[in-house]
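Chemist: Quick one: the structure is below, and I'll ask about it shortly.
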Amino acid sequence: MIQGPAVDGLVNLRELEARAEAILDPVAFAYYSSGAGDEDTLRDNEAAFGRRRLRPRVLVDVDAVDTSTTILGVPVGLPVAVAPTAQHGLAVPEGEAASHRGATAAGTLFCLSTLASRPLEEVAAAAEGPRWFQLYTHADRGITEDLVARAVASGFTAIVVTADMPVIGRRDRERRGGYTWPDGMYGNFGKYADERGAHPQFLRSAMTWTDLADLAGRVGLPVIVKGVLTGEDAELAVDHGAAAVWVSNHGGRQLDRVPASIDVLAEVVAAVDGRAEVYLDGGVRRGTDVLTALALGARAVFVGRPVLYGLALGGADGVTAVLQVLREEIEIGMALLGTPTLAELGPAHLR
Ligand SMILES: Cc1cc2nc3c(=O)[nH]c(=O)nc-3n(C[C@H](O)[C@H](O)[C@H](O)COP(=O)(O)O)c2cc1C
């Protein structure tokens, strides 16, 4: 049984949303939970996993099941890590510092958003575990450069370039809820108070493939492209220096009516053709979702909203509890699929 303040007795990740809604400020809940447009993609992310069917093998020795792997060489205890999401301070005052501690305790990697509530130095100091920095480019190039330099100095070991937000998607529930961004100088931008601009500048991503190649060529850390939904863009990402390609539709928050992430994974894996690692996020709520993505060729998957809800419900312990439920489901799923190690998973485990 999972322990932790408000996550006591958590049975599965689907329960989280209702539990979080009951305790979160309605504006914060609308911001966290909403998707773009009719939310077709938001719903499909989860539903598409439910349409997949597995092919288990029996009478395999599964006494010792091992969920550990590496993500870009970083050892992790399970093939699930924390996706970058903005504004953890809406869940608990400690914000991303607590989330990073929760991920470390669960034995996995934490990816910090540019739009975090807390400064990256504070988050880095909060936990020992591995961390990556997600980058939104600022209209002011100097600020972007400085953000990256700060991330490098604070022990973030990869830069995740989010490519699917040249503009912010239109999310009806978020609008109806009345969510507004805090003053532009929160979190990572407090340092730039003298050079300040309004918040939307942070999201005006002028980045192109040329900028990506430029960044990858000089940052000294692996660069990952997040938000890829086609084989064409996956190839371009690798050709322009990406160390990994991250399949994502931003949790259904950007362009509605794009496919569920799991439904484009095979196309991306085929296009990348072993030249880079491939990750996936969007609608991962079950151990079987994780195993399905790995069988299709993902190296690891990331979770967004469940971590925010776990954080709201139980702080760092809540985040750990959410990841622990997934770990337990993965262990049982591996035993029942007849795959004691993750490396054995492949297309033969899917119908
Ligand atoms: C409230 C919220 C804020 C997000 N903020 C960011 C962000 O700042 N940067 C980013 O790259 N992705 C952001 N995302 C997208 C997540 O990284 C991820 O793609 C998505 O949440 C995965 O889907 P899931 O929530 O179904 O697990 C955000 C998602 C949510 C729900």
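Residue names in the structure tokens use chain letters A, B, ... in the order shown, residue numbers from 1 in each chain, and ligand numbers from 1 in the order shown.
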Chain A near ligand 1 within 8 Å: what's each residue's closest atom pair and its distance in Å to one decimal, counting only C-alpha atoms and all ligand atoms, ordered by chain then ascending residue number, as a Markdown table?

Modeler:
```
| residue | atom | partner | partner_atom_place_in_ligand_line | distance |
| --- | --- | --- | --- | --- |
| A:Tyr31 | CA | ligand 1 | 1 (C) | 5.8 |
| A:Tyr32 | CA | ligand 1 | 1 (C) | 3.7 |
| A:Ser33 | CA | ligand 1 | 31 (C) | 6.0 |
| A:Ser34 | CA | ligand 1 | 31 (C) | 7.3 |
| A:Leu42 | CA | ligand 1 | 26 (O) | 7.2 |
| A:Asn45 | CA | ligand 1 | 26 (O) | 6.8 |
| A:Glu46 | CA | ligand 1 | 26 (O) | 7.4 |
| A:Ala83 | CA | ligand 1 | 17 (O) | 4.4 |
| A:Pro84 | CA | ligand 1 | 17 (O) | 4.3 |
| A:Thr85 | CA | ligand 1 | 5 (N) | 3.4 |
| A:Ala86 | CA | ligand 1 | 5 (N) | 4.0 |
| A:Gln87 | CA | ligand 1 | 3 (C) | 7.0 |
| A:Ser113 | CA | ligand 1 | 8 (O) | 4.6 |
| A:Thr114 | CA | ligand 1 | 8 (O) | 6.0 |
| A:Leu115 | CA | ligand 1 | 8 (O) | 5.2 |
| A:Ala116 | CA | ligand 1 | 8 (O) | 7.1 |
| A:Gln134 | CA | ligand 1 | 11 (O) | 6.0 |
| A:Leu135 | CA | ligand 1 | 11 (O) | 7.3 |
| A:Tyr136 | CA | ligand 1 | 9 (N) | 7.4 |
| A:Val160 | CA | ligand 1 | 11 (O) | 7.6 |
| A:Val161 | CA | ligand 1 | 11 (O) | 7.4 |
| A:Thr162 | CA | ligand 1 | 11 (O) | 4.8 |
| A:Lys226 | CA | ligand 1 | 11 (O) | 6.8 |
| A:Gly227 | CA | ligand 1 | 19 (O) | 7.4 |
| A:Ser248 | CA | ligand 1 | 19 (O) | 5.5 |
| A:Asn249 | CA | ligand 1 | 19 (O) | 6.2 |
| A:His250 | CA | ligand 1 | 19 (O) | 3.6 |
| A:Gly251 | CA | ligand 1 | 23 (O) | 3.5 |
| A:Gly252 | CA | ligand 1 | 23 (O) | 7.1 |
| A:Arg253 | CA | ligand 1 | 29 (C) | 7.2 |
| A:Asp281 | CA | ligand 1 | 22 (C) | 4.8 |
| A:Gly282 | CA | ligand 1 | 23 (O) | 3.4 |
| A:Gly283 | CA | ligand 1 | 26 (O) | 3.7 |
| A:Val284 | CA | ligand 1 | 27 (O) | 5.6 |
| A:Arg285 | CA | ligand 1 | 27 (O) | 7.5 |
| A:Phe302 | CA | ligand 1 | 27 (O) | 6.6 |
| A:Val303 | CA | ligand 1 | 27 (O) | 3.9 |
| A:Gly304 | CA | ligand 1 | 27 (O) | 3.6 |
| A:Arg305 | CA | ligand 1 | 25 (O) | 3.9 |
| A:Pro306 | CA | ligand 1 | 27 (O) | 6.5 |
| A:Leu308 | CA | ligand 1 | 1 (C) | 7.6 |
```

Chemist: Give me the residues within 10 Å of Glu39 (chain A) as JSON, numbers by chain, counting only C-alpha atoms and dropping any in the same chain fewer than 4 places off.

Modeler: {"A": [34, 35, 43, 44, 171, 172, 173, 251, 252, 253, 254, 255, 256, 257]}

Chemist: Produce a file of the selected residues containing N, CA, C and O atoms, as a PDB file, in the first residue's frame.

Modeler:
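See again08.pdb below for the written result:
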```pdb
ATOM      1  N   SER A  34      -6.250  21.244 -18.175  1.00  0.00           N
ATOM      2  CA  SER A  34      -6.900  21.538 -19.452  1.00  0.00           C
ATOM      3  C   SER A  34      -6.071  21.121 -20.649  1.00  0.00           C
ATOM      4  O   SER A  34      -4.856  20.925 -20.566  1.00  0.00           O
ATOM      5  N   GLY A  35      -6.777  20.983 -21.794  1.00  0.00           N
ATOM      6  CA  GLY A  35      -6.138  20.742 -23.076  1.00  0.00           C
ATOM      7  C   GLY A  35      -6.656  21.762 -24.068  1.00  0.00           C
ATOM      8  O   GLY A  35      -7.545  22.558 -23.754  1.00  0.00           O
ATOM      9  N   ARG A  43      -7.852  13.646 -24.632  1.00  0.00           N
ATOM     10  CA  ARG A  43      -8.522  12.370 -24.322  1.00  0.00           C
ATOM     11  C   ARG A  43      -7.864  11.205 -25.037  1.00  0.00           C
ATOM     12  O   ARG A  43      -7.691  10.122 -24.494  1.00  0.00           O
ATOM     13  N   ASP A  44      -7.485  11.449 -26.296  1.00  0.00           N
ATOM     14  CA  ASP A  44      -6.951  10.355 -27.104  1.00  0.00           C
ATOM     15  C   ASP A  44      -5.606   9.850 -26.579  1.00  0.00           C
ATOM     16  O   ASP A  44      -5.275   8.680 -26.766  1.00  0.00           O
ATOM     17  N   ARG A 171      -6.619  27.112 -24.719  1.00  0.00           N
ATOM     18  CA  ARG A 171      -7.223  26.109 -23.831  1.00  0.00           C
ATOM     19  C   ARG A 171      -8.461  26.717 -23.176  1.00  0.00           C
ATOM     20  O   ARG A 171      -8.338  27.619 -22.340  1.00  0.00           O
ATOM     21  N   ASP A 172      -9.612  26.212 -23.546  1.00  0.00           N
ATOM     22  CA  ASP A 172     -10.856  26.851 -23.116  1.00  0.00           C
ATOM     23  C   ASP A 172     -11.063  26.800 -21.605  1.00  0.00           C
ATOM     24  O   ASP A 172     -11.458  27.775 -20.981  1.00  0.00           O
ATOM     25  N   ARG A 173     -10.794  25.617 -21.021  1.00  0.00           N
ATOM     26  CA  ARG A 173     -11.040  25.508 -19.574  1.00  0.00           C
ATOM     27  C   ARG A 173     -10.105  26.418 -18.791  1.00  0.00           C
ATOM     28  O   ARG A 173     -10.484  26.997 -17.775  1.00  0.00           O
ATOM     29  N   GLY A 251       0.895  17.052 -24.022  1.00  0.00           N
ATOM     30  CA  GLY A 251      -0.260  16.674 -23.199  1.00  0.00           C
ATOM     31  C   GLY A 251      -1.564  17.224 -23.755  1.00  0.00           C
ATOM     32  O   GLY A 251      -2.480  17.545 -22.999  1.00  0.00           O
ATOM     33  N   GLY A 252      -1.669  17.295 -25.095  1.00  0.00           N
ATOM     34  CA  GLY A 252      -2.912  17.783 -25.711  1.00  0.00           C
ATOM     35  C   GLY A 252      -3.178  19.259 -25.466  1.00  0.00           C
ATOM     36  O   GLY A 252      -4.318  19.718 -25.602  1.00  0.00           O
ATOM     37  N   ARG A 253      -2.163  20.023 -25.146  1.00  0.00           N
ATOM     38  CA  ARG A 253      -2.365  21.433 -24.786  1.00  0.00           C
ATOM     39  C   ARG A 253      -2.032  22.399 -25.905  1.00  0.00           C
ATOM     40  O   ARG A 253      -2.246  23.595 -25.772  1.00  0.00           O
ATOM     41  N   GLN A 254      -1.485  21.903 -27.016  1.00  0.00           N
ATOM     42  CA  GLN A 254      -1.085  22.813 -28.075  1.00  0.00           C
ATOM     43  C   GLN A 254      -2.040  22.711 -29.268  1.00  0.00           C
ATOM     44  O   GLN A 254      -3.059  23.365 -29.273  1.00  0.00           O
ATOM     45  N   LEU A 255      -1.734  21.897 -30.274  1.00  0.00           N
ATOM     46  CA  LEU A 255      -2.625  21.769 -31.423  1.00  0.00           C
ATOM     47  C   LEU A 255      -3.587  20.609 -31.192  1.00  0.00           C
ATOM     48  O   LEU A 255      -3.174  19.450 -31.159  1.00  0.00           O
ATOM     49  N   ASP A 256      -4.875  20.930 -31.007  1.00  0.00           N
ATOM     50  CA  ASP A 256      -5.851  19.848 -30.843  1.00  0.00           C
ATOM     51  C   ASP A 256      -5.990  19.119 -32.184  1.00  0.00           C
ATOM     52  O   ASP A 256      -5.745  19.699 -33.238  1.00  0.00           O
ATOM     53  N   ARG A 257      -6.383  17.852 -32.114  1.00  0.00           N
ATOM     54  CA  ARG A 257      -6.587  17.001 -33.301  1.00  0.00           C
ATOM     55  C   ARG A 257      -5.298  16.422 -33.853  1.00  0.00           C
ATOM     56  O   ARG A 257      -5.333  15.826 -34.931  1.00  0.00           O
TER      57      ARG A 257
END
```

Chemist: Among region 42-250 of chain A, which residues carry a DSSP assignment of helix (DSSP H, G or I), reported as a ChimeraX atom specification?

Modeler: /A:42-50,88-90,96-105,120-126,141-153,172-177,187-195,200-203,209-218,231-239,250

Chemist: Could you pull out the strand (DSSP E or B) residues of region 29-226 of chain A, going by DSSP on the backbone, and write them as JSON, numbers by chain?

Modeler: {"A": [54, 66, 69, 70, 71, 74, 75, 76, 80, 81, 82, 110, 111, 112, 131, 132, 133, 134, 135, 159, 160, 161, 162, 223, 224, 225, 226]}

Chemist: Of the candidates A:Ile143, A:Val7, A:Leu350, A:Val258, which one gets nearest to Ala36 (chain A) if we count only C-alpha atoms?

Modeler: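 Smallest distance to Ala36 (chain A) is found for A:Val258.
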
Chemist: So which one's closest to Ala124 (chain A), A:Leu54, A:Ala153, A:Val76, A:Leu147? Using only C-alpha atoms, please.

Modeler: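 Checking each of A:Leu54, A:Ala153, A:Val76, A:Leu147 against Ala124 (chain A), counting only C-alpha atoms, the winner is A:Ala153.
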
Chemist: Would you mind listing what lies within 9 Å of Val123 (chain A) as a PyMOL selection string, with only C-alpha atoms counted and same-chain residues fewer than 6 positions away left out?

Modeler: chain A and resi 95-101+112

Chemist: Write a file of the just-selected residues containing N, CA, C and O atoms, as a PDB file, in the first residue's frame.

Modeler:
```pdb
ATOM      1  N   GLY A  95       7.291  24.130  -4.588  1.00  0.00           N
ATOM      2  CA  GLY A  95       7.298  23.951  -6.034  1.00  0.00           C
ATOM      3  C   GLY A  95       8.222  22.852  -6.513  1.00  0.00           C
ATOM      4  O   GLY A  95       8.251  21.744  -5.973  1.00  0.00           O
ATOM      5  N   GLU A  96       9.019  23.184  -7.552  1.00  0.00           N
ATOM      6  CA  GLU A  96       9.856  22.197  -8.236  1.00  0.00           C
ATOM      7  C   GLU A  96      10.930  21.601  -7.335  1.00  0.00           C
ATOM      8  O   GLU A  96      11.436  20.507  -7.617  1.00  0.00           O
ATOM      9  N   ALA A  97      11.310  22.301  -6.259  1.00  0.00           N
ATOM     10  CA  ALA A  97      12.307  21.729  -5.348  1.00  0.00           C
ATOM     11  C   ALA A  97      11.754  20.432  -4.751  1.00  0.00           C
ATOM     12  O   ALA A  97      12.463  19.424  -4.640  1.00  0.00           O
ATOM     13  N   ALA A  98      10.476  20.450  -4.387  1.00  0.00           N
ATOM     14  CA  ALA A  98       9.843  19.254  -3.830  1.00  0.00           C
ATOM     15  C   ALA A  98       9.712  18.169  -4.900  1.00  0.00           C
ATOM     16  O   ALA A  98       9.938  16.981  -4.636  1.00  0.00           O
ATOM     17  N   SER A  99       9.368  18.565  -6.117  1.00  0.00           N
ATOM     18  CA  SER A  99       9.194  17.559  -7.180  1.00  0.00           C
ATOM     19  C   SER A  99      10.519  16.864  -7.469  1.00  0.00           C
ATOM     20  O   SER A  99      10.547  15.649  -7.701  1.00  0.00           O
ATOM     21  N   HIS A 100      11.591  17.645  -7.516  1.00  0.00           N
ATOM     22  CA  HIS A 100      12.903  17.053  -7.793  1.00  0.00           C
ATOM     23  C   HIS A 100      13.276  16.068  -6.689  1.00  0.00           C
ATOM     24  O   HIS A 100      13.761  14.966  -6.951  1.00  0.00           O
ATOM     25  N   ARG A 101      13.000  16.433  -5.432  1.00  0.00           N
ATOM     26  CA  ARG A 101      13.280  15.513  -4.320  1.00  0.00           C
ATOM     27  C   ARG A 101      12.446  14.241  -4.456  1.00  0.00           C
ATOM     28  O   ARG A 101      12.943  13.134  -4.234  1.00  0.00           O
ATOM     29  N   LEU A 112      13.262  19.966 -15.453  1.00  0.00           N
ATOM     30  CA  LEU A 112      12.746  21.249 -14.955  1.00  0.00           C
ATOM     31  C   LEU A 112      12.328  22.147 -16.109  1.00  0.00           C
ATOM     32  O   LEU A 112      13.066  22.317 -17.074  1.00  0.00           O
TER      33      LEU A 112
END
```

Chemist: Would you please work out which residue, of A:Leu294, A:Asp317, A:Val245, A:Met334, is nearest to Ala64 (chain A) when using only C-alpha atoms?

Modeler: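 Among A:Leu294, A:Asp317, A:Val245, A:Met334, it is A:Met334 that comes nearest to Ala64 (chain A).
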
Chemist: Between A:Gly217, A:Gly107, A:Gly310, A:Gly297, single out the one closest to Arg19 (chain A), counting only C-alpha atoms.

Modeler: A:Gly310

Chemist: Find the residues around Phe110 (chain A) up to 7 Å (only C-alpha atoms counted), leave out those fewer than 4 positions away in its own chain, and share them as a list in words.

Modeler: Ala81, Val82, His100, Ala103, Pro130, Arg131 and Trp132 of chain A

Chemist: Could you tell me how far CA of Glu267 (chain A) sits from CA of Gly287 (chain A), in Å to one decimal place?

Modeler: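 Distance between the two atoms: 22.3 Å.
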
Chemist: Using only C-alpha atoms, which protein or nucleic acid residues come within 12 Å of Ala216 (chain A)? Drop anything in the same chain fewer than 5 positions from it, and give the result as a ChimeraX atom specification.

Modeler: /A:148,158-161,209-211,221-225,237-244

Chemist: Atoms to include: N, CA and C atoms. Write the selected residues as a compact mmCIF listing (two decimals), in the first residue's frame.

Modeler:
```txt
# COMPACT_ATOMS: atom_id res chain seq x y z
N VAL A 148 20.83 28.98 -20.10
CA VAL A 148 21.52 27.74 -20.41
C VAL A 148 22.81 27.63 -19.60
N ALA A 158 21.36 17.77 -19.52
CA ALA A 158 20.90 17.84 -20.91
C ALA A 158 19.96 19.02 -21.05
N ILE A 159 19.88 19.54 -22.27
CA ILE A 159 18.95 20.63 -22.57
C ILE A 159 17.84 20.08 -23.45
N VAL A 160 16.61 20.23 -22.97
CA VAL A 160 15.44 19.76 -23.71
C VAL A 160 14.80 20.97 -24.39
N VAL A 161 14.88 21.02 -25.70
CA VAL A 161 14.31 22.13 -26.44
C VAL A 161 12.86 21.77 -26.80
N TRP A 209 15.42 25.17 -37.08
CA TRP A 209 16.39 24.06 -37.14
C TRP A 209 17.82 24.59 -37.10
N THR A 210 18.05 25.75 -37.74
CA THR A 210 19.41 26.32 -37.73
C THR A 210 19.82 26.68 -36.31
N ASP A 211 18.90 27.28 -35.55
CA ASP A 211 19.20 27.63 -34.16
C ASP A 211 19.48 26.37 -33.33
N LEU A 221 26.40 20.02 -23.89
CA LEU A 221 25.52 19.02 -23.29
C LEU A 221 24.67 18.44 -24.41
N PRO A 222 24.16 17.22 -24.23
CA PRO A 222 23.23 16.69 -25.22
C PRO A 222 21.99 17.58 -25.32
N VAL A 223 21.50 17.76 -26.54
CA VAL A 223 20.28 18.53 -26.76
C VAL A 223 19.21 17.56 -27.27
N ILE A 224 18.02 17.68 -26.68
CA ILE A 224 16.91 16.79 -26.99
C ILE A 224 15.78 17.65 -27.58
N VAL A 225 15.13 17.18 -28.63
CA VAL A 225 14.02 17.93 -29.20
C VAL A 225 12.71 17.31 -28.75
N ALA A 237 15.57 16.48 -36.72
CA ALA A 237 16.15 16.68 -35.38
C ALA A 237 17.50 15.98 -35.28
N VAL A 238 17.55 14.74 -35.71
CA VAL A 238 18.82 14.00 -35.63
C VAL A 238 19.85 14.65 -36.55
N ASP A 239 19.43 15.03 -37.75
CA ASP A 239 20.36 15.65 -38.69
C ASP A 239 20.91 16.98 -38.17
N HIS A 240 20.15 17.65 -37.29
CA HIS A 240 20.61 18.93 -36.74
C HIS A 240 21.22 18.79 -35.36
N GLY A 241 21.61 17.58 -35.00
CA GLY A 241 22.42 17.41 -33.80
C GLY A 241 21.71 16.96 -32.54
N ALA A 242 20.41 16.60 -32.64
CA ALA A 242 19.71 16.16 -31.43
C ALA A 242 20.23 14.79 -30.99
N ALA A 243 20.45 14.67 -29.69
CA ALA A 243 20.90 13.39 -29.12
C ALA A 243 19.72 12.47 -28.87
N ALA A 244 18.52 13.05 -28.81
CA ALA A 244 17.32 12.25 -28.59
C ALA A 244 16.11 13.01 -29.13
```

Chemist: Rank A:Gly155, A:Glu174, A:Leu323, A:Pro347 by their smallest atom-to-atom distance to Asn12 (chain A), using only C-alpha atoms, and report the top residue only.

Modeler: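 Among A:Gly155, A:Glu174, A:Leu323, A:Pro347, it is A:Leu323 that comes nearest to Asn12 (chain A).
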
Chemist: At what distance in Å, to one decimal, does CA of Gly231 (chain A) lie from CA of Arg55 (chain A)?

Modeler: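 Value for the CA of Arg55 (chain A)-CA of Gly231 (chain A) distance: 26.1 Å.
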
Chemist: Could you list, as a ChimeraX atom specification, every residue within 6 Å of region 186-191 of chain A, counting only C-alpha atoms and ignoring same-chain residues fewer than 3 positions away?

Modeler: /A:116-119

Chemist: Go ahead and write the residues just picked, all heavy atoms, as a tab-separated table (two decimals), in the first residue's frame.

Modeler:
```
chain	number	residue	atom	x	y	z
A	116	ALA	N	9.39	27.32	-14.52
A	116	ALA	CA	9.25	26.85	-13.15
A	116	ALA	C	8.92	28.00	-12.20
A	116	ALA	O	9.25	29.16	-12.47
A	116	ALA	CB	10.56	26.19	-12.71
A	117	SER	N	8.30	27.66	-11.09
A	117	SER	CA	7.99	28.67	-10.07
A	117	SER	C	9.23	29.05	-9.26
A	117	SER	O	9.32	30.14	-8.72
A	117	SER	CB	6.94	28.15	-9.09
A	117	SER	OG	5.79	27.72	-9.76
A	118	ARG	N	10.16	28.11	-9.13
A	118	ARG	CA	11.37	28.34	-8.33
A	118	ARG	C	12.60	28.42	-9.23
A	118	ARG	O	12.65	27.76	-10.27
A	118	ARG	CB	11.57	27.21	-7.30
A	118	ARG	CG	10.37	26.88	-6.42
A	118	ARG	CD	9.86	28.05	-5.60
A	118	ARG	NE	10.92	28.81	-4.94
A	118	ARG	CZ	10.75	30.03	-4.44
A	118	ARG	NH1	9.59	30.64	-4.51
A	118	ARG	NH2	11.77	30.63	-3.85
A	119	PRO	N	13.61	29.20	-8.83
A	119	PRO	CA	14.83	29.31	-9.65
A	119	PRO	C	15.56	27.97	-9.76
A	119	PRO	O	15.58	27.19	-8.81
A	119	PRO	CB	15.70	30.31	-8.88
A	119	PRO	CG	14.85	30.88	-7.80
A	119	PRO	CD	13.67	30.00	-7.60
```

Chemist: Using only C-alpha atoms, find the one residue out of A:Ala126, A:Ala28, A:Val60, A:Val269 that sits nearest to Glu344 (chain A).

Modeler: A:Val60
